[in-house]
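Pasted below: input_26.txt, compact mmCIF, C-alpha atoms.
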# COMPACT_ATOMS: atom_id res chain seq x y z
CA MET A 425 24.20 -19.81 10.42
CA THR A 426 24.74 -17.75 13.59
CA THR A 427 25.22 -19.37 16.98
CA LEU A 428 25.42 -17.85 20.44
CA SER A 429 26.05 -19.72 23.66
CA LYS A 430 23.67 -19.10 26.57
CA ASP A 431 26.39 -17.43 28.66
CA ASP A 432 27.56 -15.08 25.91
CA THR A 433 26.26 -11.79 24.61
CA THR A 434 26.50 -10.35 21.13
CA LEU A 435 26.11 -6.96 19.52
CA ILE A 436 22.66 -6.41 18.00
CA ARG A 437 22.29 -3.66 15.40
CA LEU A 438 18.90 -2.45 14.30
CA THR A 439 17.10 0.64 13.04
CA LEU A 440 14.93 2.10 15.78
CA ASN A 441 12.50 4.77 14.56
CA GLY A 442 14.80 5.50 11.63
CA ARG A 443 18.03 5.69 13.65
CA GLU A 444 20.80 3.11 13.63
CA VAL A 445 21.24 1.81 17.16
CA GLN A 446 23.05 -1.06 18.83
CA GLY A 447 23.14 -2.89 22.12
CA ARG A 448 24.23 -6.19 23.63
CA ALA A 449 21.96 -9.19 24.05
CA SER A 450 22.17 -12.72 25.39
CA PRO A 451 20.14 -15.40 23.56
CA ARG A 452 17.24 -15.29 26.01
CA LEU A 453 16.81 -11.50 26.08
CA LEU A 454 13.34 -10.51 24.84
CA LEU A 455 13.03 -7.68 22.32
CA SER A 456 10.81 -5.80 24.81
CA ASP A 457 13.57 -5.86 27.44
CA PHE A 458 16.23 -5.05 24.86
CA LEU A 459 14.30 -1.93 23.81
CA ARG A 460 13.70 -0.79 27.37
CA HIS A 461 16.86 -1.79 29.21
CA GLU A 462 19.57 -1.79 26.54
CA LEU A 463 18.34 1.03 24.29
CA GLY A 464 16.50 3.02 26.95
CA ALA A 465 13.35 3.21 24.82
CA THR A 466 10.89 2.84 27.68
CA GLY A 467 7.83 4.01 25.73
CA THR A 468 7.11 0.36 24.96
CA HIS A 469 5.41 -1.13 28.01
CA VAL A 470 5.55 -4.69 29.29
CA GLY A 471 2.31 -6.16 30.62
CA CYS A 472 1.72 -9.90 30.58
CA GLU A 473 4.85 -11.19 28.82
CA HIS A 474 2.94 -13.94 27.07
CA GLY A 475 1.37 -12.15 24.13
CA VAL A 476 -2.13 -11.65 25.51
CA CYS A 477 -2.31 -8.01 26.65
CA GLY A 478 -0.71 -6.25 23.67
CA ALA A 479 0.96 -3.48 25.71
CA CYS A 480 4.38 -4.26 24.19
CA THR A 481 3.23 -4.18 20.55
CA VAL A 482 5.75 -2.56 18.20
CA ARG A 483 6.28 -2.62 14.43
CA VAL A 484 9.02 -4.88 13.08
CA ASP A 485 9.83 -4.61 9.37
CA GLY A 486 6.47 -2.96 8.78
CA VAL A 487 4.20 -5.43 10.59
CA MET A 488 2.76 -5.43 14.09
CA ALA A 489 4.59 -7.65 16.55
CA ARG A 490 4.46 -8.43 20.25
CA SER A 491 7.94 -7.45 21.39
CA CYS A 492 7.63 -9.87 24.35
CA LEU A 493 7.25 -12.73 21.84
CA MET A 494 10.45 -11.96 19.97
CA LEU A 495 14.03 -12.46 20.98
CA ALA A 496 16.36 -9.50 20.62
CA MET A 497 18.48 -11.84 18.46
CA GLN A 498 15.60 -11.97 15.97
CA ALA A 499 15.60 -8.20 15.51
CA GLU A 500 19.18 -8.08 14.21
CA GLY A 501 19.12 -5.87 11.11
CA ALA A 502 15.39 -5.15 11.42
CA GLN A 503 13.49 -1.88 11.17
CA VAL A 504 11.80 -1.48 14.54
CA ASP A 505 9.25 1.28 15.14
CA THR A 506 7.99 2.14 18.61
CA VAL A 507 5.70 4.76 20.13
CA GLU A 508 8.64 7.16 20.45
CA GLY A 509 8.68 7.43 16.65
CA LEU A 510 5.05 8.46 16.15
CA ALA A 511 5.17 12.19 16.92
CA PRO A 512 6.50 14.15 13.89
CA GLN A 513 8.20 16.70 16.18
CA PRO A 514 8.91 16.83 19.90
CA ASP A 515 6.13 19.36 20.44
CA ARG A 516 3.60 17.96 17.96
CA LEU A 517 1.47 14.84 18.23
CA SER A 518 0.63 12.61 15.27
CA VAL A 519 -2.93 12.74 13.94
CA LEU A 520 -3.73 9.49 15.76
CA GLN A 521 -2.14 10.62 19.03
CA ALA A 522 -4.00 13.95 18.89
CA ALA A 523 -7.28 12.08 18.32
CA PHE A 524 -6.53 9.92 21.40
CA ARG A 525 -6.06 13.11 23.40
CA ARG A 526 -9.28 14.74 22.12
CA HIS A 527 -11.36 11.63 22.78
CA HIS A 528 -9.85 10.81 26.18
CA ALA A 529 -8.85 7.45 24.72
CA LEU A 530 -6.48 6.79 27.59
CA GLN A 531 -6.69 7.04 31.34
CA CYS A 532 -3.76 5.33 33.03
CA GLY A 533 -2.01 5.05 29.67
CA PHE A 534 -0.29 1.72 30.30
CA CYS A 535 -1.80 0.00 27.25
CA THR A 536 -1.67 3.07 25.02
CA ALA A 537 1.75 2.65 23.41
CA GLY A 538 0.83 -0.79 22.07
CA ILE A 539 -2.61 0.27 20.85
CA LEU A 540 -1.12 3.29 19.07
CA MET A 541 1.40 1.07 17.27
CA SER A 542 -1.32 -1.34 16.10
CA LEU A 543 -3.65 1.45 14.96
CA ASP A 544 -0.86 3.46 13.32
CA THR A 545 0.05 0.36 11.31
CA LEU A 546 -3.58 -0.38 10.44
CA LEU A 547 -4.38 3.15 9.25
CA ARG A 548 -1.19 3.24 7.21
CA ASP A 549 -1.82 -0.15 5.55
CA GLU A 550 -5.61 0.17 5.26
CA PRO A 551 -6.66 3.85 5.17
CA ASP A 552 -10.28 2.80 4.57
CA ALA A 553 -10.44 0.56 7.66
CA ASP A 554 -13.99 0.70 9.03
CA ARG A 555 -15.29 0.29 12.59
CA THR A 556 -15.40 -3.52 12.33
CA ARG A 557 -11.79 -3.69 11.16
CA ILE A 558 -10.65 -1.21 13.82
CA GLU A 559 -12.47 -3.19 16.52
CA GLU A 560 -10.84 -6.37 15.30
CA VAL A 561 -7.35 -4.89 15.59
CA VAL A 562 -8.02 -3.21 18.96
CA GLY A 563 -9.32 -6.66 20.03
CA GLY A 564 -5.68 -7.71 20.22
CA HIS A 565 -5.17 -5.37 23.18
CA LEU A 566 -6.40 -5.20 26.75
CA CYS A 567 -7.38 -1.84 28.25
CA ARG A 568 -8.71 -1.92 31.79
CA CYS A 569 -9.66 1.78 32.06
CA THR A 570 -11.55 3.08 29.05
CA GLY A 571 -14.03 0.38 28.09
CA TYR A 572 -12.61 0.79 24.55
CA ALA A 573 -15.38 3.11 23.23
CA PRO A 574 -13.23 6.28 23.25
CA ILE A 575 -10.34 4.33 21.66
CA ILE A 576 -12.56 3.25 18.75
CA ASP A 577 -13.93 6.82 18.43
CA ALA A 578 -10.40 8.24 18.34
CA ALA A 579 -9.32 5.72 15.69
CA LEU A 580 -12.35 6.47 13.49
CA ASP A 581 -11.74 10.20 13.87
CA ALA A 582 -8.04 9.84 13.01
CA ALA A 583 -8.88 7.63 10.02
CA ALA A 584 -11.29 10.25 8.69
CA GLU A 585 -8.77 13.04 9.19
CA LEU A 586 -5.99 11.05 7.51
CA ARG A 587 -8.29 10.42 4.55
CA GLY A 588 -8.80 14.18 4.32
CA GLY A 589 -12.41 14.15 5.46
CA ASP A 590 -14.19 15.80 8.36
CA HIS A 591 -13.82 14.86 11.98
CA VAL A 592 -16.37 12.38 13.26
CA MET B 168 8.78 -14.02 33.49
CA LYS B 169 11.85 -14.44 31.33
CA PRO B 170 13.02 -17.53 29.46
CA ALA B 171 15.53 -19.86 31.12
CA PRO B 172 18.96 -19.66 29.46
CA PHE B 173 19.43 -21.49 26.15
CA ASP B 174 21.98 -21.69 23.37
CA TYR B 175 20.81 -19.98 20.19
CA ILE B 176 21.24 -21.10 16.60
CA ARG B 177 19.92 -18.95 13.77
CA ALA B 178 19.20 -21.06 10.69
CA GLU B 179 19.36 -19.18 7.39
CA THR B 180 18.20 -22.20 5.40
CA ARG B 181 16.31 -25.44 5.92
CA GLU B 182 19.63 -27.31 5.68
CA ASP B 183 21.01 -25.23 8.58
CA ALA B 184 17.99 -26.12 10.70
CA LEU B 185 18.14 -29.84 9.90
CA ALA B 186 21.88 -29.93 10.61
CA ALA B 187 21.29 -28.31 14.01
CA LEU B 188 18.52 -30.80 14.82
CA SER B 189 20.69 -33.72 13.81
CA GLU B 190 23.42 -32.48 16.16
CA HIS B 191 21.29 -31.51 19.18
CA GLY B 192 18.29 -33.87 18.91
CA GLU B 193 15.82 -33.76 21.76
CA ALA B 194 17.66 -30.90 23.51
CA ALA B 195 16.63 -28.57 20.68
CA ARG B 196 13.35 -26.85 19.94
CA ILE B 197 12.49 -25.20 16.63
CA LEU B 198 11.46 -21.57 16.95
CA ALA B 199 9.22 -20.60 14.01
CA GLY B 200 6.99 -17.53 14.48
CA GLY B 201 7.32 -17.83 18.25
CA GLN B 202 3.71 -16.96 19.03
CA SER B 203 3.21 -20.22 20.97
CA LEU B 204 6.76 -21.17 21.94
CA LEU B 205 7.82 -17.76 23.31
CA PRO B 206 4.94 -17.63 25.83
CA MET B 207 5.93 -21.14 26.95
CA LEU B 208 9.58 -20.09 27.26
CA ASN B 209 8.61 -16.92 29.15
CA MET B 210 6.48 -18.92 31.58
CA ARG B 211 9.16 -21.63 31.72
CA LEU B 212 6.69 -24.29 30.70
CA ALA B 213 9.36 -25.14 28.10
CA THR B 214 13.06 -25.07 28.99
CA PRO B 215 14.95 -26.37 25.95
CA SER B 216 18.72 -26.08 26.08
CA VAL B 217 19.01 -25.15 22.39
CA ILE B 218 16.72 -22.90 20.31
CA VAL B 219 16.94 -23.32 16.54
CA ASP B 220 15.49 -20.10 15.12
CA THR B 221 13.95 -20.75 11.70
CA TYR B 222 12.15 -17.44 11.32
CA ARG B 223 14.39 -16.38 8.43
CA LEU B 224 13.04 -19.31 6.40
CA SER B 225 9.79 -17.37 6.10
CA ARG B 226 11.34 -15.08 3.50
CA ALA B 227 11.60 -17.86 0.94
CA ALA B 228 8.65 -20.01 2.09
CA GLN B 229 5.97 -20.64 -0.51
CA ILE B 230 2.29 -21.47 -0.81
CA ARG B 231 2.13 -23.82 -3.79
CA GLU B 232 -0.77 -25.33 -5.70
CA ALA B 233 0.17 -28.78 -6.94
CA GLY B 234 -2.66 -30.68 -8.65
CA ASP B 235 -5.33 -31.53 -6.08
CA ALA B 236 -3.29 -30.23 -3.16
CA VAL B 237 -2.07 -26.97 -1.68
CA GLU B 238 1.38 -27.15 -0.14
CA ILE B 239 2.25 -24.66 2.59
CA GLU B 240 5.92 -24.57 3.45
CA ALA B 241 7.34 -24.01 6.92
CA GLY B 242 7.70 -20.28 7.50
CA VAL B 243 4.48 -19.16 5.80
CA THR B 244 2.78 -16.92 8.34
CA GLN B 245 -0.88 -17.11 9.21
CA ALA B 246 -1.31 -13.53 7.97
CA ARG B 247 0.20 -14.46 4.62
CA LEU B 248 -2.10 -17.45 4.17
CA LEU B 249 -5.10 -15.31 5.17
CA GLY B 250 -4.07 -12.76 2.55
CA TRP B 251 -3.40 -15.34 -0.19
CA ASP B 252 -5.75 -14.60 -3.09
CA GLY B 253 -6.41 -18.29 -3.80
CA LEU B 254 -7.54 -19.04 -0.24
CA ALA B 255 -11.34 -18.76 -0.52
CA LYS B 256 -11.42 -21.04 -3.55
CA ALA B 257 -8.74 -23.60 -2.64
CA LEU B 258 -9.09 -23.75 1.16
CA PRO B 259 -12.46 -22.24 2.15
CA LEU B 260 -12.28 -23.82 5.62
CA PHE B 261 -9.06 -21.91 6.33
CA ALA B 262 -10.63 -18.69 5.03
CA LYS B 263 -13.32 -19.12 7.72
CA ALA B 264 -11.08 -20.33 10.55
CA LEU B 265 -7.93 -18.20 10.25
CA PRO B 266 -9.59 -14.98 11.51
CA TRP B 267 -10.14 -16.91 14.77
CA VAL B 268 -6.44 -17.74 15.13
CA GLY B 269 -5.00 -15.31 17.68
CA HIS B 270 -5.05 -11.63 16.78
CA ALA B 271 -3.79 -9.62 13.80
CA GLN B 272 -0.71 -8.86 15.91
CA THR B 273 0.12 -12.56 16.43
CA ARG B 274 -0.91 -13.80 12.97
CA ALA B 275 1.68 -11.41 11.52
CA ARG B 276 4.47 -13.66 12.85
CA GLY B 277 2.80 -16.94 13.82
CA THR B 278 3.26 -19.61 11.16
CA VAL B 279 0.84 -22.19 9.80
CA CYS B 280 3.23 -25.14 10.10
CA GLY B 281 4.37 -23.93 13.54
CA SER B 282 0.83 -24.19 14.88
CA VAL B 283 0.50 -27.74 13.53
CA ALA B 284 3.86 -28.76 15.04
CA HIS B 285 3.00 -27.16 18.40
CA ALA B 286 -0.16 -29.32 18.60
CA ASP B 287 -2.13 -27.30 21.12
CA PRO B 288 -5.47 -29.14 21.47
CA SER B 289 -7.46 -25.88 21.28
CA ALA B 290 -5.69 -24.54 18.18
CA GLU B 291 -7.83 -23.97 15.07
CA ILE B 292 -5.23 -24.83 12.42
CA PRO B 293 -4.62 -28.47 13.50
CA LEU B 294 -8.42 -28.92 13.68
CA CYS B 295 -8.85 -27.72 10.09
CA VAL B 296 -5.97 -29.90 8.90
CA ALA B 297 -7.62 -32.92 10.56
CA VAL B 298 -11.05 -32.25 9.01
CA LEU B 299 -9.49 -31.81 5.56
CA GLY B 300 -7.43 -34.99 5.99
CA GLY B 301 -4.18 -33.15 5.33
CA GLU B 302 -0.66 -34.52 5.54
CA VAL B 303 2.44 -33.17 7.23
CA VAL B 304 5.86 -33.50 5.64
CA LEU B 305 8.62 -34.29 8.15
CA SER B 306 12.24 -34.04 7.08
CA ASN B 307 15.57 -34.88 8.60
CA ARG B 308 18.98 -34.47 6.98
CA ARG B 309 18.63 -37.60 4.90
CA LYS B 310 15.01 -37.98 3.92
CA SER B 311 11.44 -36.78 4.13
CA ARG B 312 8.27 -38.67 5.03
CA LYS B 313 4.58 -37.85 4.88
CA VAL B 314 2.27 -38.50 7.83
CA ALA B 315 -1.51 -38.19 7.86
CA SER B 316 -2.69 -35.53 10.30
CA GLY B 317 -4.63 -38.14 12.34
CA GLU B 318 -1.41 -40.05 12.97
CA PHE B 319 0.73 -36.95 13.50
CA HIS B 320 -1.17 -35.54 16.47
CA ILE B 321 -0.89 -38.26 19.08
CA GLY B 322 -1.64 -36.34 22.28
CA MET B 323 -1.77 -32.97 23.95
CA MET B 324 1.20 -31.11 22.46
CA MET B 325 2.58 -34.48 21.40
CA THR B 326 3.30 -35.43 17.80
CA ASP B 327 4.90 -38.20 15.77
CA ARG B 328 7.87 -35.92 14.96
CA ARG B 329 11.23 -37.51 15.74
CA ASP B 330 13.95 -35.55 17.49
CA ASP B 331 15.97 -34.94 14.32
CA GLU B 332 12.97 -34.00 12.21
CA MET B 333 11.37 -30.69 11.31
CA LEU B 334 7.87 -30.16 9.96
CA THR B 335 8.87 -28.70 6.59
CA ALA B 336 5.50 -28.49 4.84
CA LEU B 337 1.80 -29.11 5.08
CA ARG B 338 -0.18 -30.69 2.22
CA LEU B 339 -3.90 -29.96 2.14
CA PRO B 340 -6.45 -31.26 -0.37
CA ARG B 341 -8.01 -28.51 -2.49
CA ALA B 342 -11.75 -27.92 -2.09
CA LYS B 343 -13.79 -29.60 -4.83
CA PRO B 344 -17.18 -28.76 -6.35
CA GLY B 345 -20.02 -30.26 -4.32
CA GLU B 346 -18.35 -29.52 -0.97
CA GLY B 347 -19.32 -26.95 1.64
CA TYR B 348 -17.39 -25.80 4.71
CA GLY B 349 -18.36 -24.32 8.05
CA PHE B 350 -16.56 -23.19 11.21
CA ALA B 351 -17.84 -22.05 14.61
CA GLU B 352 -16.01 -21.30 17.84
CA TYR B 353 -16.54 -20.09 21.37
CA GLY B 354 -13.77 -18.46 23.44
CA ARG B 355 -13.70 -15.96 26.29
CA ARG B 356 -12.51 -13.26 23.90
CA HIS B 357 -12.14 -13.39 20.12
CA GLY B 358 -8.58 -14.52 19.49
CA ASP B 359 -8.12 -16.29 22.81
CA PHE B 360 -7.78 -20.06 23.06
CA ALA B 361 -10.93 -21.82 21.88
CA VAL B 362 -13.02 -23.36 24.64
CA VAL B 363 -14.68 -25.36 21.84
CA ALA B 364 -14.12 -25.05 18.09
CA CYS B 365 -16.09 -27.00 15.46
CA ALA B 366 -15.27 -27.43 11.79
CA ALA B 367 -17.34 -29.20 9.16
CA LYS B 368 -16.97 -30.35 5.59
CA VAL B 369 -20.17 -31.57 3.96
CA THR B 370 -21.23 -33.00 0.62
CA ALA B 371 -24.68 -34.05 -0.58
CA ASP B 372 -24.28 -37.44 1.14
CA SER B 373 -21.66 -37.03 3.89
CA ILE B 374 -20.53 -34.98 6.86
CA THR B 375 -16.95 -34.74 8.13
CA PHE B 376 -17.14 -33.12 11.55
CA GLY B 377 -14.21 -32.07 13.74
CA VAL B 378 -13.99 -30.76 17.31
CA GLY B 379 -11.07 -28.93 18.90
CA GLY B 380 -10.58 -27.74 22.48
CA VAL B 381 -12.16 -30.76 24.18
CA GLY B 382 -10.05 -33.86 23.52
CA ASP B 383 -6.24 -34.04 23.66
CA THR B 384 -6.12 -33.85 19.85
CA PRO B 385 -8.63 -32.74 17.21
CA VAL B 386 -11.37 -35.40 17.00
CA VAL B 387 -12.95 -36.13 13.62
CA ALA B 388 -16.22 -38.02 12.98
CA ARG B 389 -17.62 -39.08 9.59
CA TRP B 390 -21.36 -39.46 9.12
CA ASP B 391 -23.89 -39.88 6.32
CA ALA B 392 -25.89 -36.77 5.43
CA LEU B 393 -27.79 -36.79 8.74
CA ASP B 394 -30.46 -34.24 9.44
CA GLY B 395 -33.02 -33.29 12.10
CA SER B 396 -33.02 -35.41 15.23
CA ALA B 397 -30.61 -37.95 13.73
CA LEU B 398 -28.00 -35.17 13.47
CA ASP B 399 -28.79 -34.05 17.05
CA ASP B 400 -28.26 -37.64 18.23
CA ALA B 401 -24.95 -37.94 16.37
CA LEU B 402 -23.69 -34.63 17.79
CA ASN B 403 -24.80 -35.66 21.28
CA ALA B 404 -23.02 -39.02 21.04
CA CYS B 405 -19.93 -37.25 19.71
CA ALA B 406 -20.05 -34.71 22.56
CA TRP B 407 -20.24 -37.47 25.20
CA GLY B 408 -17.47 -39.45 23.50
CA LEU B 409 -14.91 -36.65 23.79
CA GLY B 410 -14.15 -37.19 27.48
CA ALA B 411 -14.68 -33.50 28.30
CA ARG B 412 -13.11 -32.33 31.56
CA ASP B 413 -13.78 -29.40 33.87
CA ASP B 414 -11.26 -26.58 33.93
CA VAL B 415 -11.19 -22.92 34.83
CA HIS B 416 -12.59 -21.88 31.44
CA ALA B 417 -15.61 -24.21 31.23
CA ASP B 418 -16.97 -27.34 32.88
CA ALA B 419 -17.49 -30.59 30.99
CA ARG B 420 -21.24 -30.06 30.71
CA MET B 421 -20.80 -26.65 29.11
CA ARG B 422 -18.26 -28.10 26.67
CA ARG B 423 -20.71 -30.85 25.62
CA ASP B 424 -23.40 -28.24 25.15
CA LEU B 425 -21.06 -26.13 23.02
CA VAL B 426 -20.22 -29.14 20.85
CA ARG B 427 -23.94 -29.76 20.22
CA GLY B 428 -24.73 -26.10 19.50
CA LEU B 429 -21.62 -24.99 17.62
CA GLY B 430 -21.51 -28.33 15.80
CA ARG B 431 -24.99 -27.85 14.39
CA ARG B 432 -24.12 -24.27 13.46
CA ALA B 433 -20.94 -25.31 11.60
CA ILE B 434 -22.70 -28.13 9.73
CA GLU B 435 -25.66 -25.97 8.73
CA ALA B 436 -23.34 -23.18 7.56
CA ALA B 437 -21.39 -25.73 5.51
CA ARG B 438 -24.64 -27.01 3.90
CA ARG B 439 -25.60 -23.53 2.79
CA GLU B 440 -22.29 -23.23 1.00
CA ILE B 441 -22.18 -26.45 -1.02
CA THR B 442 -20.79 -25.40 -4.38
CA ALA B 443 -22.14 -26.64 -7.67
Written as C-alpha cells, that's how I'd like the structure from this file.
Amino acid sequence: MTTLSKDDTTLIRLTLNGREVQGRASPRLLLSDFLRHELGATGTHVGCEHGVCGACTVRVDGVMARSCLMLAMQAEGAQVDTVEGLAPQPDRLSVLQAAFRRHHALQCGFCTAGILMSLDTLLRDEPDADRTRIEEVVGGHLCRCTGYAPIIDAALDAAAELRGGDHV
Amino acid sequence: MKPAPFDYIRAETREDALAALSEHGEAARILAGGQSLLPMLNMRLATPSVIVDTYRLSRAAQIREAGDAVEIEAGVTQARLLGWDGLAKALPLFAKALPWVGHAQTRARGTVCGSVAHADPSAEIPLCVAVLGGEVVLSNRRKSRKVASGEFHIGMMMTDRRDDEMLTALRLPRAKPGEGYGFAEYGRRHGDFAVVACAAKVTADSITFGVGGVGDTPVVARWDALDGSALDDALNACAWGLGARDDVHADARMRRDLVRGLGRRAIEAARREITA
C-alpha cells in the first residue's frame, strides 16, 4: 500500500516511448499534465479535461487511455507511449503519420496526436480493422476541422500499406 | 480544470482498500477505472479528501461462471468483459449494450463494477443489471452482503453502499434457453451519455423492460407477452410514469417519445432472438 499526502510530492518513474524517465507528482496531478509539464513531452494535447474530446489519448501498458482521466500516480512503473514515439527516425514519419500527411487528415492539428495514438494502437492490435471498426475508434475523438473523412481515408490507406497491400 | 487536493492511497489488494475505507469512511472515494470519477474530480463536482486507488486490483480480477450466475469482480474492465468469449452466450444483453458504453478509449480502463457503484442514471451497465435482476456484493473489513440491484440504486448517483463498504463483485443470472434480449439507445453521439436507453428481456409469455436516462435510477417494468396496441399502451403508460424532465439534451416530450420508439425496438429485437 502506497500513501501520499495532498501537500507532498513523490518521484514517479515510468517508461516513456521506450526510455526510462522520472518526475515529481502530487496526488492530484493528472498524467496529461505530468507528461507535458514535468517531462516536457508536449506532443500530447489537452482539450476538454473530462474524457470527451480525446486529444490527450496516449497508450498505457499497451492500451489506449485518456491521459486526463489518469493520475500521474497511476502511471508509476507503466509503459507510456505518446505521439513523440511514433516516428521511427527524426526525419521519417510512421506509415500512419505519412498517410495523414498525404490525405490532409489534419488542419489545425490539435486533435491529431490523440487520434494517431488510437489508430496506431488499433492497427497494431487489429491489422484487419475495416472502415466500421476504424470509424468506431475515431468516434472517440473530436475533430473540428476535417469532417473526419480524410482521417478515415488515411487510416484505411495506412492499414492497407501495413498489411502489405496497395494504397487505397 | 484540475482536481482539488486529496490524499492518495494506492491499494494493492482488496484488503488494503477495505482497511483504508474503514479508516477514512465517508471522506474517502474509491477510484476504480476513473472514467467517471476523474471527470467529476477535474470539474470539482466531487471533492473527496481521500482517494483510494483500486486500479491495481484489476490485474487479479476475474470473470467467473458459478452455476446459474456470472460473477464479475471489481476491477474487471468493460473492454475485458466485451472481449470475454463467454459473453454472447452467458450475458447476451451485455454483448449488445457494452459497445454503447463510452468509447474504446474509455472502456479500456473503465470497470464494470465501477459503473454500477457510480450510479449515473444514464449509464447502460446499471440498466442492464436492473433488467437482469442482478445482485451487487458489498464488503467491509468484517463481512460481505448481497443487495438486489433494485435496492442498491436508490437515487441519482446514490446507492445503498455504506461508507466503509466497497462494491467487490457483481452477480448476474446467466441467460437461459427461451429468453431473448434487446437493447436500443439514443445519444447525441455514439458513446456519449444516453438521452434514453432501453433494454428488454423477453420470453414466450413475459417482457422485462428497463429504461435508463429518464428517471433517477433505472426503471424496470414487468408485463405479460403484450403485442400490438396493448404493447403501445404499456410503453406509453411507462413513458408517462417516468417523470421525464426537460434539460439541455432533450425535453420531456422527446424523452417520452424515445421511450415509446426505442422501447418497441428493443422488445421486438429481443423477440427475434428468443433461443430454443
_Selected residue, from A:Arg557, A:Arg437, A:Arg525, A:His474, that lies nearest to Leu454 of chain A when counting only C-alpha atoms_ = A:His474
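Restricting the calculation to only C-alpha atoms, the smallest distance between Leu305 of chain B and any of B:Thr326, B:Pro293, B:Asp413, B:Gly234 is found for B:Thr326.
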With a cut-off of 8 Å and counting all atoms listed in the file, select all residues of chain A in contact with chain B and give the selection as a PDB file with C-alpha atoms, keeping the file's coordinate frame.
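Result went into part_16.pdb, see below:
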ATOM      1  CA  MET A 425      24.200 -19.810  10.420  1.00  0.00           C
ATOM      2  CA  THR A 426      24.740 -17.750  13.590  1.00  0.00           C
ATOM      3  CA  THR A 427      25.220 -19.370  16.980  1.00  0.00           C
ATOM      4  CA  LEU A 428      25.420 -17.850  20.440  1.00  0.00           C
ATOM      5  CA  SER A 429      26.050 -19.720  23.660  1.00  0.00           C
ATOM      6  CA  LYS A 430      23.670 -19.100  26.570  1.00  0.00           C
ATOM      7  CA  ASP A 431      26.390 -17.430  28.660  1.00  0.00           C
ATOM      8  CA  PRO A 451      20.140 -15.400  23.560  1.00  0.00           C
ATOM      9  CA  ARG A 452      17.240 -15.290  26.010  1.00  0.00           C
ATOM     10  CA  LEU A 453      16.810 -11.500  26.080  1.00  0.00           C
ATOM     11  CA  LEU A 454      13.340 -10.510  24.840  1.00  0.00           C
ATOM     12  CA  GLU A 473       4.850 -11.190  28.820  1.00  0.00           C
ATOM     13  CA  HIS A 474       2.940 -13.940  27.070  1.00  0.00           C
ATOM     14  CA  GLY A 475       1.370 -12.150  24.130  1.00  0.00           C
ATOM     15  CA  THR A 481       3.230  -4.180  20.550  1.00  0.00           C
ATOM     16  CA  VAL A 487       4.200  -5.430  10.590  1.00  0.00           C
ATOM     17  CA  MET A 488       2.760  -5.430  14.090  1.00  0.00           C
ATOM     18  CA  ALA A 489       4.590  -7.650  16.550  1.00  0.00           C
ATOM     19  CA  ARG A 490       4.460  -8.430  20.250  1.00  0.00           C
ATOM     20  CA  CYS A 492       7.630  -9.870  24.350  1.00  0.00           C
ATOM     21  CA  LEU A 493       7.250 -12.730  21.840  1.00  0.00           C
ATOM     22  CA  MET A 494      10.450 -11.960  19.970  1.00  0.00           C
ATOM     23  CA  GLN A 498      15.600 -11.970  15.970  1.00  0.00           C
ATOM     24  CA  SER A 542      -1.320  -1.340  16.100  1.00  0.00           C
ATOM     25  CA  GLU A 560     -10.840  -6.370  15.300  1.00  0.00           C
ATOM     26  CA  VAL A 561      -7.350  -4.890  15.590  1.00  0.00           C
ATOM     27  CA  GLY A 563      -9.320  -6.660  20.030  1.00  0.00           C
ATOM     28  CA  GLY A 564      -5.680  -7.710  20.220  1.00  0.00           C
TER      29      GLY A 564
END
Can you tell me, as JSON, the centre and edge lengths (Å, one decimal) of the axis-aligned box enclosing all of segment 265-281 of chain B's listed atoms after padding each side by 6 Å?
{"center_x": -2.8, "center_y": -17.0, "center_z": 13.7, "size_x": 26.6, "size_y": 28.3, "size_z": 19.9}
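Among A:Glu559, A:Asp485, A:Asp544, A:Asp515, the residue with the shortest atom-to-atom distance to Ala582 of chain A, counting only C-alpha atoms, is A:Asp544.
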